[in-house]
Amino acid sequence: GVPDRERTFTTAGLNDHQRTYLARAAGFVNVGDSVILMGPPGRGKTGIAVCLLRDATVAGKSVAWCHVSTWLRDIRETFDRKDEDGERTASEASLIRGLLAADVAVVDDLGAHRMTDWTQDMIFAVVNGRDSSNKATVYTTNLPMEGASTIASVYGERVASRLARCVKMT
């Protein structure tokens with residue numbers, strides 16, 4: 001599920017600052033900890049996440065990629081997608097299970113979508129499920145933990161409290 005543009009991203013495309021963050025994040029992800037990469041757009045968070053996912057794959061771990069806006073759209077589309085017998089071809093649950101099952105998952109671009117109660121519930125299902133299973137997750141977001149328009153104000157305290165357990169890298 002990694003977008004084509006990001007799929008070819010390698011450490012050669014990282015600057016020294018990004019390489020430092022990658023090395024620090026890899027140390028946590030390799031032992032099963034979760035990391036949240038935070039900061040303004042254009043800082044290389046997604047590129048670092050791609051490199052972490054590639055490293056996990058090389059290490060033989062199962063991986064999953066989720067760009068939040070695309071993933072939410074894919075879930076919404078399952079409501080109307082049916083085969084020739086009128087059966088749904090995929091389900092909300094199957095798309096959530098795919099993220100929960102992977103040893104390492106990237107949840108890219110938290111907060112870059114329209115917020116509704118439903119989207120908040122979907123994000124909570126993933127964040128809580130991965131947190132409860134102690135599975136390494138790399139989250140990227142432009143949202144801060146503190147100040148205006150924080151993770152807590154957008155997603156609520158339940159999500160924010162679970163993300164607060166992640167190693168924060170800004």
# chains A, B, ... in the order shown; residues from 1 in each chain; ligands from 1

$ closest_atom_pairs --of "region 41-133 of chain A" --to "region 5-11 of chain A" --cutoff "12 Å" --atoms "only C-alpha atoms" --output "Markdown table"
| residue | atom | partner | partner_atom | distance |
| --- | --- | --- | --- | --- |
| A:Gly44 | CA | A:Phe9 | CA | 10.4 |
| A:Lys45 | CA | A:Glu6 | CA | 11.1 |
| A:Thr46 | CA | A:Glu6 | CA | 7.7 |
| A:Gly47 | CA | A:Phe9 | CA | 6.2 |
| A:Ile48 | CA | A:Thr11 | CA | 8.0 |
| A:Ala49 | CA | A:Glu6 | CA | 9.6 |
| A:Val50 | CA | A:Glu6 | CA | 6.9 |
| A:Cys51 | CA | A:Thr10 | CA | 6.3 |
| A:Leu52 | CA | A:Thr11 | CA | 9.9 |
| A:Leu53 | CA | A:Arg7 | CA | 10.2 |
| A:Arg54 | CA | A:Thr10 | CA | 8.9 |
| A:Asp55 | CA | A:Thr10 | CA | 10.5 |
| A:Trp65 | CA | A:Arg7 | CA | 10.9 |
| A:His67 | CA | A:Glu6 | CA | 11.4 |
| A:Asp108 | CA | A:Glu6 | CA | 11.5 |

$ residues_around --residues "region 155-158 of chain A" --least-positions-apart "6" --cutoff "9 Å" --atoms "only C-alpha atoms" --output "number ranges by chain"
A: 111, 115, 119-121, 123-124, 128

$ residues_around --residues "Ala101 (chain A)" --least-positions-apart "4" --cutoff "9 Å" --atoms "only C-alpha atoms" --output "short mmCIF file (atom, residue, chain, number, x, y, z; two decimals) with C-alpha atoms, in the first residue's frame"
data_model
loop_
_atom_site.label_atom_id
_atom_site.label_comp_id
_atom_site.auth_asym_id
_atom_site.auth_seq_id
_atom_site.Cartn_x
_atom_site.Cartn_y
_atom_site.Cartn_z
CA SER A 62 5.18 -8.60 8.26
CA VAL A 63 4.32 -5.00 7.44
CA ALA A 64 1.34 -2.82 6.60
CA ILE A 96 -8.82 -2.88 10.14
CA ARG A 97 -7.61 -6.47 10.72
CA ALA A 105 2.68 -0.81 10.51
CA ARG A 130 -1.98 -1.94 17.89
CA LYS A 135 2.97 -3.97 18.04
#

$ closest_residue --among "A:Asn134, A:Pro144, A:Val35, A:Ala59" --to "Leu22 (chain A)" --atoms "only C-alpha atoms"
A:Val35

$ closest_residue --among "A:Asp117, A:Asp131, A:Glu77, A:Asp33" --to "Leu163 (chain A)" --atoms "only C-alpha atoms"
A:Asp131

$ closest_residue --among "A:Met38, A:Gly13, A:Ala160, A:Ala23" --to "Leu143 (chain A)" --atoms "only C-alpha atoms"
A:Met38

$ atom_distance --atom1 "CA of Ala112 (chain A)" --atom2 "CA of Ile151 (chain A)"
11.4 Å

$ atom_distance --atom1 "CA of Val154 (chain A)" --atom2 "CA of Leu72 (chain A)"
15.8 Å

$ closest_residue --among "A:Leu110, A:Leu100, A:Ile36, A:Leu14" --to "Thr70 (chain A)" --atoms "only C-alpha atoms"
A:Leu110

$ atom_distance --atom1 "CA of Ala25 (chain A)" --atom2 "CA of Thr137 (chain A)"
10.7 Å

$ select_by_dssp --residues "region 18-87 of chain A" --states "strand (DSSP E or B)" --output "MDAnalysis selection string"
chainID A and resid 35:38 63:67 82

$ write_last_selection --atoms "C-alpha atoms" --output "PDB file, in the first residue's frame"
ATOM      1  CA  VAL A  35       7.164   6.019  17.217  1.00  0.00           C
ATOM      2  CA  ILE A  36       5.305   9.172  16.252  1.00  0.00           C
ATOM      3  CA  LEU A  37       7.065  11.426  13.759  1.00  0.00           C
ATOM      4  CA  MET A  38       5.703  14.947  14.178  1.00  0.00           C
ATOM      5  CA  VAL A  63       4.325  -5.001   7.437  1.00  0.00           C
ATOM      6  CA  ALA A  64       1.341  -2.816   6.596  1.00  0.00           C
ATOM      7  CA  TRP A  65       1.036   0.704   5.224  1.00  0.00           C
ATOM      8  CA  CYS A  66      -1.893   3.015   5.837  1.00  0.00           C
ATOM      9  CA  HIS A  67      -2.244   6.515   4.464  1.00  0.00           C
ATOM     10  CA  LYS A  82     -20.492  -6.025  -4.062  1.00  0.00           C
TER      11      LYS A  82
END

$ select_by_dssp --residues "chain A" --states "helix (DSSP H, G or I)" --output "NGL selection string"
:A and (4-7 or 11-13 or 16-30 or 45-58 or 68-78 or 92-101 or 117-132 or 151-155 or 157-163)

$ residues_around --residues "Asp74 (chain A)" --least-positions-apart "6" --cutoff "10 Å" --atoms "only C-alpha atoms" --output "ChimeraX atom specification"
/A:68,90-92,95
